[in-house]
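Shown next: start_0.pdb, given as PDB, C-alpha atoms.
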```pdb
ATOM      1  CA  MET A   1     108.077  70.312  37.334  1.00  0.00           C
ATOM      2  CA  ALA A   2     109.883  71.243  40.541  1.00  0.00           C
ATOM      3  CA  CYS A   3     111.410  67.971  41.730  1.00  0.00           C
ATOM      4  CA  PHE A   4     114.859  69.612  41.881  1.00  0.00           C
ATOM      5  CA  LEU A   5     113.689  71.760  44.808  1.00  0.00           C
ATOM      6  CA  VAL A   6     113.835  68.754  47.185  1.00  0.00           C
ATOM      7  CA  PRO A   7     117.568  67.973  46.611  1.00  0.00           C
ATOM      8  CA  THR A   8     118.235  71.752  46.616  1.00  0.00           C
ATOM      9  CA  THR A   9     116.690  72.000  50.087  1.00  0.00           C
ATOM     10  CA  GLU A  10     118.789  69.041  51.233  1.00  0.00           C
ATOM     11  CA  ALA A  11     121.868  70.754  49.763  1.00  0.00           C
ATOM     12  CA  ILE A  12     121.168  73.894  51.823  1.00  0.00           C
ATOM     13  CA  VAL A  13     120.723  71.832  55.014  1.00  0.00           C
ATOM     14  CA  THR A  14     123.893  69.825  54.231  1.00  0.00           C
ATOM     15  CA  GLY A  15     125.817  73.085  53.723  1.00  0.00           C
ATOM     16  CA  ILE A  16     124.734  74.387  57.133  1.00  0.00           C
ATOM     17  CA  VAL A  17     125.565  71.058  58.835  1.00  0.00           C
ATOM     18  CA  THR A  18     128.975  70.944  57.077  1.00  0.00           C
ATOM     19  CA  LYS A  19     129.815  74.413  58.384  1.00  0.00           C
ATOM     20  CA  ALA A  20     128.816  73.463  61.939  1.00  0.00           C
ATOM     21  CA  VAL A  21     130.808  70.195  61.815  1.00  0.00           C
ATOM     22  CA  LYS A  22     133.840  72.048  60.428  1.00  0.00           C
ATOM     23  CA  GLU A  23     133.730  74.489  63.353  1.00  0.00           C
ATOM     24  CA  LYS A  24     133.474  71.586  65.799  1.00  0.00           C
ATOM     25  CA  GLU A  25     136.430  69.831  64.134  1.00  0.00           C
ATOM     26  CA  LYS A  26     138.492  73.019  64.353  1.00  0.00           C
ATOM     27  CA  GLY A  27     137.816  73.138  68.099  1.00  0.00           C
ATOM     28  CA  ALA A  28     138.721  69.465  68.478  1.00  0.00           C
ATOM     29  CA  GLN A  29     141.914  69.999  66.463  1.00  0.00           C
ATOM     30  CA  ALA A  30     142.955  72.851  68.738  1.00  0.00           C
ATOM     31  CA  ALA A  31     142.404  70.614  71.774  1.00  0.00           C
ATOM     32  CA  GLU A  32     144.368  67.835  70.088  1.00  0.00           C
ATOM     33  CA  GLN A  33     147.405  70.103  69.804  1.00  0.00           C
ATOM     34  CA  ASN A  34     147.771  69.742  73.564  1.00  0.00           C
ATOM     35  CA  THR A  35     148.119  65.956  73.265  1.00  0.00           C
ATOM     36  CA  THR A  36     151.393  64.165  72.639  1.00  0.00           C
ATOM     37  CA  ALA A  37     153.091  64.511  69.258  1.00  0.00           C
ATOM     38  CA  ASP A  38     152.580  60.811  68.502  1.00  0.00           C
ATOM     39  CA  GLU A  39     148.841  60.995  69.006  1.00  0.00           C
ATOM     40  CA  ALA A  40     148.589  64.111  66.865  1.00  0.00           C
ATOM     41  CA  GLN A  41     150.527  62.417  64.079  1.00  0.00           C
ATOM     42  CA  GLY A  42     147.986  59.601  63.983  1.00  0.00           C
ATOM     43  CA  SER A  43     145.228  61.930  62.833  1.00  0.00           C
ATOM     44  CA  ILE A  44     147.190  63.512  59.997  1.00  0.00           C
ATOM     45  CA  GLY A  45     146.011  62.492  56.536  1.00  0.00           C
ATOM     46  CA  LYS A  46     142.591  61.351  57.770  1.00  0.00           C
ATOM     47  CA  VAL A  47     139.657  62.655  55.809  1.00  0.00           C
ATOM     48  CA  THR A  48     137.422  64.595  58.184  1.00  0.00           C
ATOM     49  CA  PHE A  49     133.654  64.118  58.364  1.00  0.00           C
ATOM     50  CA  SER A  50     133.110  67.679  57.119  1.00  0.00           C
ATOM     51  CA  THR A  51     135.071  66.805  53.959  1.00  0.00           C
ATOM     52  CA  LYS A  52     132.864  63.737  53.474  1.00  0.00           C
ATOM     53  CA  LEU A  53     129.781  65.912  53.963  1.00  0.00           C
ATOM     54  CA  GLY A  54     131.270  68.182  51.309  1.00  0.00           C
ATOM     55  CA  TRP A  55     131.065  65.286  48.814  1.00  0.00           C
ATOM     56  CA  LEU A  56     127.313  65.021  49.464  1.00  0.00           C
ATOM     57  CA  SER A  57     126.918  68.774  49.254  1.00  0.00           C
ATOM     58  CA  ARG A  58     128.659  68.922  45.876  1.00  0.00           C
ATOM     59  CA  MET A  59     126.585  66.033  44.500  1.00  0.00           C
ATOM     60  CA  LEU A  60     123.360  67.703  45.635  1.00  0.00           C
ATOM     61  CA  TRP A  61     124.263  71.242  44.515  1.00  0.00           C
ATOM     62  CA  GLY A  62     125.680  70.083  41.178  1.00  0.00           C
ATOM     63  CA  GLY A  63     122.781  67.763  40.429  1.00  0.00           C
ATOM     64  CA  SER A  64     120.197  70.358  41.443  1.00  0.00           C
ATOM     65  CA  ALA A  65     121.858  73.071  39.330  1.00  0.00           C
ATOM     66  CA  LEU A  66     121.915  70.879  36.229  1.00  0.00           C
ATOM     67  CA  LEU A  67     118.333  69.741  36.854  1.00  0.00           C
ATOM     68  CA  ALA A  68     117.210  73.349  37.342  1.00  0.00           C
ATOM     69  CA  PHE A  69     118.747  74.107  33.943  1.00  0.00           C
ATOM     70  CA  GLU A  70     116.667  71.272  32.450  1.00  0.00           C
ATOM     71  CA  HIS A  71     113.528  72.816  33.948  1.00  0.00           C
ATOM     72  CA  VAL A  72     114.406  76.221  32.465  1.00  0.00           C
ATOM     73  CA  TRP A  73     114.988  74.466  29.101  1.00  0.00           C
ATOM     74  CA  HIS A  74     111.498  72.951  29.244  1.00  0.00           C
ATOM     75  CA  GLY A  75     109.912  76.276  30.250  1.00  0.00           C
ATOM     76  CA  GLU A  76     108.920  75.030  33.715  1.00  0.00           C
ATOM     77  CA  VAL A  77     110.792  77.804  35.512  1.00  0.00           C
ATOM     78  CA  ALA A  78     109.845  81.416  34.745  1.00  0.00           C
ATOM     79  CA  PRO A  79     111.627  84.670  35.680  1.00  0.00           C
ATOM     80  CA  TYR A  80     108.407  86.087  37.210  1.00  0.00           C
ATOM     81  CA  PHE A  81     106.251  85.190  40.229  1.00  0.00           C
ATOM     82  CA  PRO A  82     105.469  82.372  41.158  1.00  0.00           C
ATOM     83  CA  PHE A  83     108.624  81.331  39.187  1.00  0.00           C
ATOM     84  CA  LEU A  84     107.265  77.825  38.562  1.00  0.00           C
ATOM     85  CA  THR A  85     104.744  77.676  35.713  1.00  0.00           C
ATOM     86  CA  ALA A  86     103.030  74.692  37.346  1.00  0.00           C
ATOM     87  CA  ALA A  87     102.213  76.823  40.392  1.00  0.00           C
ATOM     88  CA  GLU A  88     100.030  79.173  38.335  1.00  0.00           C
ATOM     89  CA  THR A  89      96.959  76.927  38.606  1.00  0.00           C
ATOM     90  CA  ALA A  90      95.628  74.873  41.527  1.00  0.00           C
ATOM     91  CA  GLU A  91      95.613  71.681  39.442  1.00  0.00           C
ATOM     92  CA  GLY A  92      99.205  72.299  38.297  1.00  0.00           C
ATOM     93  CA  ALA A  93     100.311  73.034  41.867  1.00  0.00           C
ATOM     94  CA  ARG A  94      98.778  69.754  43.057  1.00  0.00           C
ATOM     95  CA  THR A  95     100.613  67.793  40.350  1.00  0.00           C
ATOM     96  CA  MET A  96     103.835  69.656  41.159  1.00  0.00           C
ATOM     97  CA  LEU A  97     103.610  68.874  44.881  1.00  0.00           C
ATOM     98  CA  HIS A  98     102.893  65.211  44.083  1.00  0.00           C
ATOM     99  CA  GLU A  99     105.974  65.096  41.852  1.00  0.00           C
ATOM    100  CA  MET A 100     108.092  66.724  44.535  1.00  0.00           C
ATOM    101  CA  ALA A 101     106.867  64.184  47.104  1.00  0.00           C
ATOM    102  CA  THR A 102     107.598  61.195  44.850  1.00  0.00           C
ATOM    103  CA  THR A 103     110.365  61.929  42.301  1.00  0.00           C
ATOM    104  CA  GLY A 104     112.017  64.738  44.292  1.00  0.00           C
ATOM    105  CA  VAL A 105     112.226  62.793  47.549  1.00  0.00           C
ATOM    106  CA  SER A 106     113.457  59.676  45.687  1.00  0.00           C
ATOM    107  CA  MET A 107     116.222  61.756  44.064  1.00  0.00           C
ATOM    108  CA  ALA A 108     117.389  63.124  47.417  1.00  0.00           C
ATOM    109  CA  VAL A 109     117.243  59.665  49.041  1.00  0.00           C
ATOM    110  CA  LEU A 110     119.141  57.966  46.178  1.00  0.00           C
ATOM    111  CA  VAL A 111     121.936  60.562  46.177  1.00  0.00           C
ATOM    112  CA  THR A 112     122.230  60.296  49.981  1.00  0.00           C
ATOM    113  CA  LEU A 113     122.337  56.479  49.835  1.00  0.00           C
ATOM    114  CA  VAL A 114     125.057  56.521  47.168  1.00  0.00           C
ATOM    115  CA  TRP A 115     127.029  59.013  49.311  1.00  0.00           C
ATOM    116  CA  ALA A 116     126.591  56.761  52.374  1.00  0.00           C
ATOM    117  CA  GLY A 117     127.949  53.860  50.296  1.00  0.00           C
ATOM    118  CA  MET A 118     130.939  55.970  49.208  1.00  0.00           C
ATOM    119  CA  VAL A 119     131.685  56.940  52.815  1.00  0.00           C
ATOM    120  CA  SER A 120     131.360  53.312  54.018  1.00  0.00           C
ATOM    121  CA  VAL A 121     133.785  52.084  51.348  1.00  0.00           C
ATOM    122  CA  TYR A 122     136.206  54.916  52.159  1.00  0.00           C
ATOM    123  CA  ASN A 123     135.997  54.200  55.908  1.00  0.00           C
ATOM    124  CA  ALA A 124     136.633  50.483  55.292  1.00  0.00           C
ATOM    125  CA  LEU A 125     139.682  51.296  53.140  1.00  0.00           C
ATOM    126  CA  GLU A 126     140.951  53.721  55.782  1.00  0.00           C
ATOM    127  CA  LYS A 127     140.527  51.094  58.497  1.00  0.00           C
ATOM    128  CA  LYS A 128     142.305  48.457  56.388  1.00  0.00           C
ATOM    129  CA  GLU A 129     145.179  50.847  55.727  1.00  0.00           C
ATOM    130  CA  GLY A 130     145.404  51.667  59.431  1.00  0.00           C
ATOM    131  CA  GLU A 131     145.569  47.960  60.370  1.00  0.00           C
ATOM    132  CA  ALA A 132     148.257  47.329  57.734  1.00  0.00           C
ATOM    133  CA  GLY A 133     150.227  50.288  59.106  1.00  0.00           C
ATOM    134  CA  GLU A 134     149.979  48.951  62.660  1.00  0.00           C
ATOM    135  CA  LYS A 135     151.261  45.499  61.600  1.00  0.00           C
ATOM    136  CA  ALA A 136     154.237  47.045  59.778  1.00  0.00           C
TER     137      ALA A 136
ATOM    138  CA  MET B 137     119.138  60.742  26.043  1.00  0.00           C
ATOM    139  CA  THR B 138     119.963  63.436  28.625  1.00  0.00           C
ATOM    140  CA  LEU B 139     120.522  60.738  31.247  1.00  0.00           C
ATOM    141  CA  LEU B 140     122.742  58.720  28.913  1.00  0.00           C
ATOM    142  CA  ILE B 141     124.896  61.713  27.959  1.00  0.00           C
ATOM    143  CA  THR B 142     125.270  62.745  31.615  1.00  0.00           C
ATOM    144  CA  VAL B 143     126.225  59.188  32.647  1.00  0.00           C
ATOM    145  CA  PHE B 144     128.915  59.122  29.935  1.00  0.00           C
ATOM    146  CA  ALA B 145     130.175  62.549  31.073  1.00  0.00           C
ATOM    147  CA  ALA B 146     130.317  61.237  34.656  1.00  0.00           C
ATOM    148  CA  ILE B 147     132.242  58.096  33.594  1.00  0.00           C
ATOM    149  CA  VAL B 148     134.760  60.040  31.477  1.00  0.00           C
ATOM    150  CA  SER B 149     135.351  62.663  34.202  1.00  0.00           C
ATOM    151  CA  THR B 150     135.756  59.884  36.816  1.00  0.00           C
ATOM    152  CA  LEU B 151     138.403  58.197  34.658  1.00  0.00           C
ATOM    153  CA  VAL B 152     140.228  61.510  34.191  1.00  0.00           C
ATOM    154  CA  TRP B 153     140.068  62.076  37.990  1.00  0.00           C
ATOM    155  CA  TYR B 154     141.492  58.611  38.623  1.00  0.00           C
ATOM    156  CA  LEU B 155     144.262  58.769  36.024  1.00  0.00           C
ATOM    157  CA  SER B 156     145.494  62.360  36.234  1.00  0.00           C
ATOM    158  CA  GLU B 157     147.046  63.904  39.316  1.00  0.00           C
ATOM    159  CA  LYS B 158     147.126  67.268  37.538  1.00  0.00           C
ATOM    160  CA  ALA B 159     143.348  67.077  36.990  1.00  0.00           C
ATOM    161  CA  ARG B 160     142.829  66.228  40.681  1.00  0.00           C
ATOM    162  CA  LYS B 161     144.751  69.370  41.619  1.00  0.00           C
ATOM    163  CA  LEU B 162     142.370  71.316  39.359  1.00  0.00           C
ATOM    164  CA  HIS B 163     139.376  70.193  41.471  1.00  0.00           C
ATOM    165  CA  ILE B 164     138.003  67.804  38.834  1.00  0.00           C
ATOM    166  CA  GLY B 165     136.494  65.871  41.760  1.00  0.00           C
ATOM    167  CA  THR B 166     133.841  68.600  41.987  1.00  0.00           C
ATOM    168  CA  LEU B 167     132.915  68.056  38.329  1.00  0.00           C
ATOM    169  CA  VAL B 168     132.772  64.281  38.899  1.00  0.00           C
ATOM    170  CA  LEU B 169     130.419  64.659  41.894  1.00  0.00           C
ATOM    171  CA  MET B 170     128.301  67.170  40.009  1.00  0.00           C
ATOM    172  CA  TYR B 171     127.801  64.854  37.005  1.00  0.00           C
ATOM    173  CA  TRP B 172     127.128  61.796  39.194  1.00  0.00           C
ATOM    174  CA  GLY B 173     124.646  63.780  41.287  1.00  0.00           C
ATOM    175  CA  ALA B 174     122.762  64.863  38.158  1.00  0.00           C
ATOM    176  CA  ALA B 175     122.948  61.358  36.627  1.00  0.00           C
ATOM    177  CA  LEU B 176     121.461  59.792  39.786  1.00  0.00           C
ATOM    178  CA  MET B 177     118.671  62.358  39.864  1.00  0.00           C
ATOM    179  CA  TRP B 178     117.807  61.765  36.202  1.00  0.00           C
ATOM    180  CA  MET B 179     117.940  58.027  36.834  1.00  0.00           C
ATOM    181  CA  CYS B 180     115.170  58.487  39.414  1.00  0.00           C
ATOM    182  CA  ASP B 181     113.223  60.616  36.973  1.00  0.00           C
ATOM    183  CA  ALA B 182     113.619  57.896  34.307  1.00  0.00           C
ATOM    184  CA  VAL B 183     112.289  55.201  36.664  1.00  0.00           C
ATOM    185  CA  PHE B 184     109.144  57.246  37.393  1.00  0.00           C
ATOM    186  CA  GLU B 185     108.722  58.044  33.703  1.00  0.00           C
ATOM    187  CA  TYR B 186     109.095  54.361  32.808  1.00  0.00           C
ATOM    188  CA  ALA B 187     106.468  53.422  35.410  1.00  0.00           C
ATOM    189  CA  GLU B 188     104.099  55.819  33.689  1.00  0.00           C
ATOM    190  CA  LEU B 189     104.909  55.180  30.009  1.00  0.00           C
ATOM    191  CA  ARG B 190     106.090  51.547  30.101  1.00  0.00           C
ATOM    192  CA  ASP B 191     107.308  50.394  26.625  1.00  0.00           C
ATOM    193  CA  ALA B 192     106.701  53.804  25.062  1.00  0.00           C
ATOM    194  CA  TYR B 193     109.599  55.105  27.187  1.00  0.00           C
ATOM    195  CA  PHE B 194     112.073  53.251  24.931  1.00  0.00           C
ATOM    196  CA  THR B 195     110.562  54.455  21.654  1.00  0.00           C
ATOM    197  CA  PRO B 196     110.645  58.246  21.833  1.00  0.00           C
ATOM    198  CA  ALA B 197     109.817  60.438  18.853  1.00  0.00           C
ATOM    199  CA  ALA B 198     112.821  61.556  16.775  1.00  0.00           C
ATOM    200  CA  GLU B 199     112.133  65.206  17.567  1.00  0.00           C
ATOM    201  CA  ASP B 200     112.112  64.492  21.332  1.00  0.00           C
ATOM    202  CA  MET B 201     115.374  62.582  21.032  1.00  0.00           C
ATOM    203  CA  ILE B 202     117.081  65.448  19.204  1.00  0.00           C
ATOM    204  CA  ASN B 203     115.816  67.927  21.791  1.00  0.00           C
ATOM    205  CA  ASP B 204     116.968  65.674  24.649  1.00  0.00           C
ATOM    206  CA  GLY B 205     120.339  65.226  22.939  1.00  0.00           C
ATOM    207  CA  PHE B 206     120.821  68.995  22.695  1.00  0.00           C
ATOM    208  CA  LEU B 207     119.780  69.308  26.324  1.00  0.00           C
ATOM    209  CA  GLY B 208     122.261  66.593  27.357  1.00  0.00           C
ATOM    210  CA  PHE B 209     125.182  68.310  25.629  1.00  0.00           C
ATOM    211  CA  SER B 210     124.090  71.675  27.046  1.00  0.00           C
ATOM    212  CA  VAL B 211     124.044  70.151  30.542  1.00  0.00           C
ATOM    213  CA  VAL B 212     127.581  68.796  30.042  1.00  0.00           C
ATOM    214  CA  ALA B 213     128.704  72.228  28.814  1.00  0.00           C
ATOM    215  CA  LEU B 214     127.071  73.956  31.798  1.00  0.00           C
ATOM    216  CA  GLY B 215     128.831  71.535  34.170  1.00  0.00           C
ATOM    217  CA  LEU B 216     132.159  72.377  32.528  1.00  0.00           C
ATOM    218  CA  VAL B 217     131.448  76.114  32.766  1.00  0.00           C
ATOM    219  CA  ILE B 218     130.688  75.777  36.509  1.00  0.00           C
ATOM    220  CA  TRP B 219     133.905  73.769  36.981  1.00  0.00           C
ATOM    221  CA  ILE B 220     135.981  76.346  35.041  1.00  0.00           C
ATOM    222  CA  ALA B 221     134.497  79.093  37.234  1.00  0.00           C
ATOM    223  CA  ILE B 222     135.492  77.124  40.379  1.00  0.00           C
ATOM    224  CA  VAL B 223     139.035  76.640  39.014  1.00  0.00           C
ATOM    225  CA  MET B 224     139.326  80.358  38.199  1.00  0.00           C
ATOM    226  CA  ILE B 225     138.066  81.390  41.654  1.00  0.00           C
ATOM    227  CA  LYS B 226     140.226  78.899  43.601  1.00  0.00           C
ATOM    228  CA  ASP B 227     143.171  79.303  41.206  1.00  0.00           C
ATOM    229  CA  PRO B 228     145.090  76.224  42.468  1.00  0.00           C
ATOM    230  CA  SER B 229     148.053  76.828  40.133  1.00  0.00           C
ATOM    231  CA  HIS B 230     148.307  80.515  41.187  1.00  0.00           C
ATOM    232  CA  VAL B 231     148.136  81.593  37.539  1.00  0.00           C
ATOM    233  CA  LEU B 232     145.827  84.522  38.212  1.00  0.00           C
ATOM    234  CA  LYS B 233     147.827  85.836  41.167  1.00  0.00           C
ATOM    235  CA  VAL B 234     149.132  89.356  40.620  1.00  0.00           C
ATOM    236  CA  GLY B 235     152.860  89.307  39.972  1.00  0.00           C
ATOM    237  CA  SER B 236     152.966  85.613  38.994  1.00  0.00           C
ATOM    238  CA  LYS B 237     155.260  84.411  36.199  1.00  0.00           C
ATOM    239  CA  ALA B 238     152.300  83.595  33.937  1.00  0.00           C
ATOM    240  CA  ALA B 239     151.094  87.199  34.022  1.00  0.00           C
TER     241      ALA B 239
END
```

Reformat the file's structure so that it appears as structure tokens.
Amino acid sequence: MACFLVPTTEAIVTGIVTKAVKEKEKGAQAAEQNTTADEAQGSIGKVTFSTKLGWLSRMLWGGSALLAFEHVWHGEVAPYFPFLTAAETAEGARTMLHEMATTGVSMAVLVTLVWAGMVSVYNALEKKEGEAGEKA
Amino acid sequence: MTLLITVFAAIVSTLVWYLSEKARKLHIGTLVLMYWGAALMWMCDAVFEYAELRDAYFTPAAEDMINDGFLGFSVVALGLVIWIAIVMIKDPSHVLKVGSKAA
């Protein structure tokens, strides 16, 4: 009905957070340029947190876009107000909100959990590589 | 059916991302994340639908299956169109740059 609106909202929030983190990282990078060359070299090649947030953003935007297409296919999204056919009646709106609260929230949570797993695995690999580099 | 087709699209695109450096340069990672995002979302939808329909979930009507199949392939096509648009906009191989050799 409108479950895709929950991950879409999360995608918007993630986009804003990514932008803010990127700005912060730029500032930190500029400060790092004042440190010694060796220290600066250590950070090269590391995937920044904003890049990792970008993975989540792309999963959420992509998934929401494809799901929105499915809703258009099934005639649940209309090009006129209120844009969602379920919102035309009070009963339909109630069902829609229930679906958003259950299916929609579960979708957003599952995608975020999978992303958290991806980031954890990546961080572990990065750490392992760093330790191997230190030993060599 | 839509979920199944999207999962297969996600698996194939992931394999292409892993095996081809050229594909990675063409931002195929975005396509991979897009398909996996959609597959996870439809997986959730399927769980809720199964909770409601139980056994009937696995015995859909032929007409519904055909419609879902068409939808699945359309979703894969839409994903590819979005990816092509990203590649054209970012132009990582500088093919669309004015004055390039390809032009």

Inset, instruction - Measuring atom to atom with all atoms listed in the file, identify which of A:Gly63, A:Met96, A:Tyr80, A:Trp115 is nearest to chain B. - result: A:Gly63

Inset, instruction - Mind checking which residues fall within 10 Å of segment 18-29 of chain A, counting all atoms listed in the file, ignoring those fewer than 4 positions away in the same chain, and posting them as a PyMOL selection string? - result: chain A and resi 12-14+33-34+40+43+48-54+56-57

Legend entry - Å distance separating atom CA of Leu60 of chain A from atom CA of Glu88 of chain A, one decimal place: 27.0 Å

Using all atoms listed in the file, find each residue in segment 2-108 of chain A having at least one atom no more than 8 Å away from segment 165-170 of chain B; report its shortest atom-to-atom pair and that distance in Å (one decimal), rows by chain then rising number, as JSON lines.
```
{"residue": "A:Trp55", "atom": "CA", "partner": "B:Leu169", "partner_atom": "CA", "distance": 7.0}
{"residue": "A:Arg58", "atom": "CA", "partner": "B:Leu169", "partner_atom": "CA", "distance": 6.1}
{"residue": "A:Met59", "atom": "CA", "partner": "B:Leu169", "partner_atom": "CA", "distance": 4.8}
{"residue": "A:Leu60", "atom": "CA", "partner": "B:Met170", "partner_atom": "CA", "distance": 7.5}
{"residue": "A:Trp61", "atom": "CA", "partner": "B:Met170", "partner_atom": "CA", "distance": 7.3}
{"residue": "A:Gly62", "atom": "CA", "partner": "B:Met170", "partner_atom": "CA", "distance": 4.1}
{"residue": "A:Gly63", "atom": "CA", "partner": "B:Met170", "partner_atom": "CA", "distance": 5.6}
```

The centre and edge lengths of an axis-aligned box containing all atoms of segment 197-216 of chain B present in the file, extended by 8 Å on each side, are to be given in Å to one decimal, as JSON.
```
{"center_x": 121.0, "center_y": 67.2, "center_z": 25.5, "size_x": 38.3, "size_y": 29.5, "size_z": 33.4}
```

Legend entry - Point-to-point distance in Å for atom CA of Phe184 of chain B and atom CA of Thr102 of chain A: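 Straight-line distance from atom CA of Thr102 of chain A to atom CA of Phe184 of chain B works out to 8.6 Å.
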
Inset, instruction - Just need the residues of chain A within 12 Å of chain B, counting all atoms listed in the file, so spit them out as an MDAnalysis selection string. - result: chainID A and resid 1:8 11 52 54:74 99:100 102:115 118

Legend entry - Residues within 12 Å of Glu129 of chain A, all atoms listed in the file, excluding chain neighbours under 6 positions, as a PyMOL selection string: chain A and resi 45-46+122-123+135-136

Suppose we keep C-alpha atoms; can you now write the selection as a JSON list (two decimals), in the frame of the given file?
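Done, and the output landed in result.json:
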```json
[["chain", "number", "residue", "atom", "x", "y", "z"],
["A", 45, "GLY", "CA", 146.01, 62.49, 56.54],
["A", 46, "LYS", "CA", 142.59, 61.35, 57.77],
["A", 122, "TYR", "CA", 136.21, 54.92, 52.16],
["A", 123, "ASN", "CA", 136.00, 54.20, 55.91],
["A", 135, "LYS", "CA", 151.26, 45.50, 61.60],
["A", 136, "ALA", "CA", 154.24, 47.04, 59.78]]
```

Written as a CSV table (one decimal) with C-alpha atoms, keeping the file's coordinate frame, what is the full residue list that the PyMOL selection byres ((chain B and resi 162) around 9) yields on the file shown?
```
chain,number,residue,atom,x,y,z
B,157,GLU,CA,147.0,63.9,39.3
B,158,LYS,CA,147.1,67.3,37.5
B,159,ALA,CA,143.3,67.1,37.0
B,160,ARG,CA,142.8,66.2,40.7
B,161,LYS,CA,144.8,69.4,41.6
B,163,HIS,CA,139.4,70.2,41.5
B,164,ILE,CA,138.0,67.8,38.8
B,165,GLY,CA,136.5,65.9,41.8
B,223,VAL,CA,139.0,76.6,39.0
B,226,LYS,CA,140.2,78.9,43.6
B,227,ASP,CA,143.2,79.3,41.2
B,228,PRO,CA,145.1,76.2,42.5
B,229,SER,CA,148.1,76.8,40.1
```

Legend entry - Length of the atom CA of Phe144 of chain B to atom CA of Ala213 of chain B vector [Å]: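 Computed distance, atom CA of Phe144 of chain B to atom CA of Ala213 of chain B, equals 13.2 Å.
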
Contacts of Met201 of chain B within 12 Å, all atoms listed in the file, excl. fewer than 5 positions in-chain, as a PDB file with C-alpha atoms, in the coordinates of the input:
```
ATOM      1  CA  MET B 137     119.138  60.742  26.043  1.00  0.00           C
ATOM      2  CA  THR B 138     119.963  63.436  28.625  1.00  0.00           C
ATOM      3  CA  LEU B 139     120.522  60.738  31.247  1.00  0.00           C
ATOM      4  CA  LEU B 140     122.742  58.720  28.913  1.00  0.00           C
ATOM      5  CA  ILE B 141     124.896  61.713  27.959  1.00  0.00           C
ATOM      6  CA  TYR B 193     109.599  55.105  27.187  1.00  0.00           C
ATOM      7  CA  PHE B 194     112.073  53.251  24.931  1.00  0.00           C
ATOM      8  CA  THR B 195     110.562  54.455  21.654  1.00  0.00           C
ATOM      9  CA  PRO B 196     110.645  58.246  21.833  1.00  0.00           C
ATOM     10  CA  PHE B 206     120.821  68.995  22.695  1.00  0.00           C
ATOM     11  CA  LEU B 207     119.780  69.308  26.324  1.00  0.00           C
ATOM     12  CA  GLY B 208     122.261  66.593  27.357  1.00  0.00           C
TER      13      GLY B 208
END
```

Is it possible to add all heavy atoms to segment 15-19 of chain A and hand it back as a tab-separated table (two decimals), keeping the file's coordinate frame?
```tsv
chain	number	residue	atom	x	y	z
A	15	GLY	N	124.83	72.00	53.64
A	15	GLY	CA	125.82	73.08	53.72
A	15	GLY	C	125.91	73.65	55.13
A	15	GLY	O	127.02	73.87	55.64
A	16	ILE	N	124.76	73.84	55.76
A	16	ILE	CA	124.73	74.39	57.13
A	16	ILE	C	125.38	73.39	58.10
A	16	ILE	O	126.20	73.76	58.94
A	16	ILE	CB	123.28	74.73	57.56
A	16	ILE	CG1	122.73	75.86	56.68
A	16	ILE	CG2	123.21	75.11	59.03
A	16	ILE	CD1	121.23	76.06	56.76
A	17	VAL	N	125.01	72.11	57.96
A	17	VAL	CA	125.56	71.06	58.84
A	17	VAL	C	127.08	70.96	58.64
A	17	VAL	O	127.84	70.86	59.61
A	17	VAL	CB	124.87	69.69	58.58
A	17	VAL	CG1	125.55	68.57	59.34
A	17	VAL	CG2	123.40	69.76	58.94
A	18	THR	N	127.53	71.02	57.37
A	18	THR	CA	128.98	70.94	57.08
A	18	THR	C	129.73	72.06	57.80
A	18	THR	O	130.79	71.83	58.37
A	18	THR	CB	129.22	71.03	55.55
A	18	THR	OG1	128.42	70.06	54.91
A	18	THR	CG2	130.69	70.79	55.20
A	19	LYS	N	129.18	73.26	57.74
A	19	LYS	CA	129.82	74.41	58.38
A	19	LYS	C	129.93	74.20	59.90
A	19	LYS	O	130.98	74.46	60.50
A	19	LYS	CB	129.01	75.69	58.10
A	19	LYS	CG	129.89	76.83	57.69
A	19	LYS	CD	129.09	78.00	57.24
A	19	LYS	CE	130.06	79.08	56.82
A	19	LYS	NZ	129.40	80.28	56.39
```
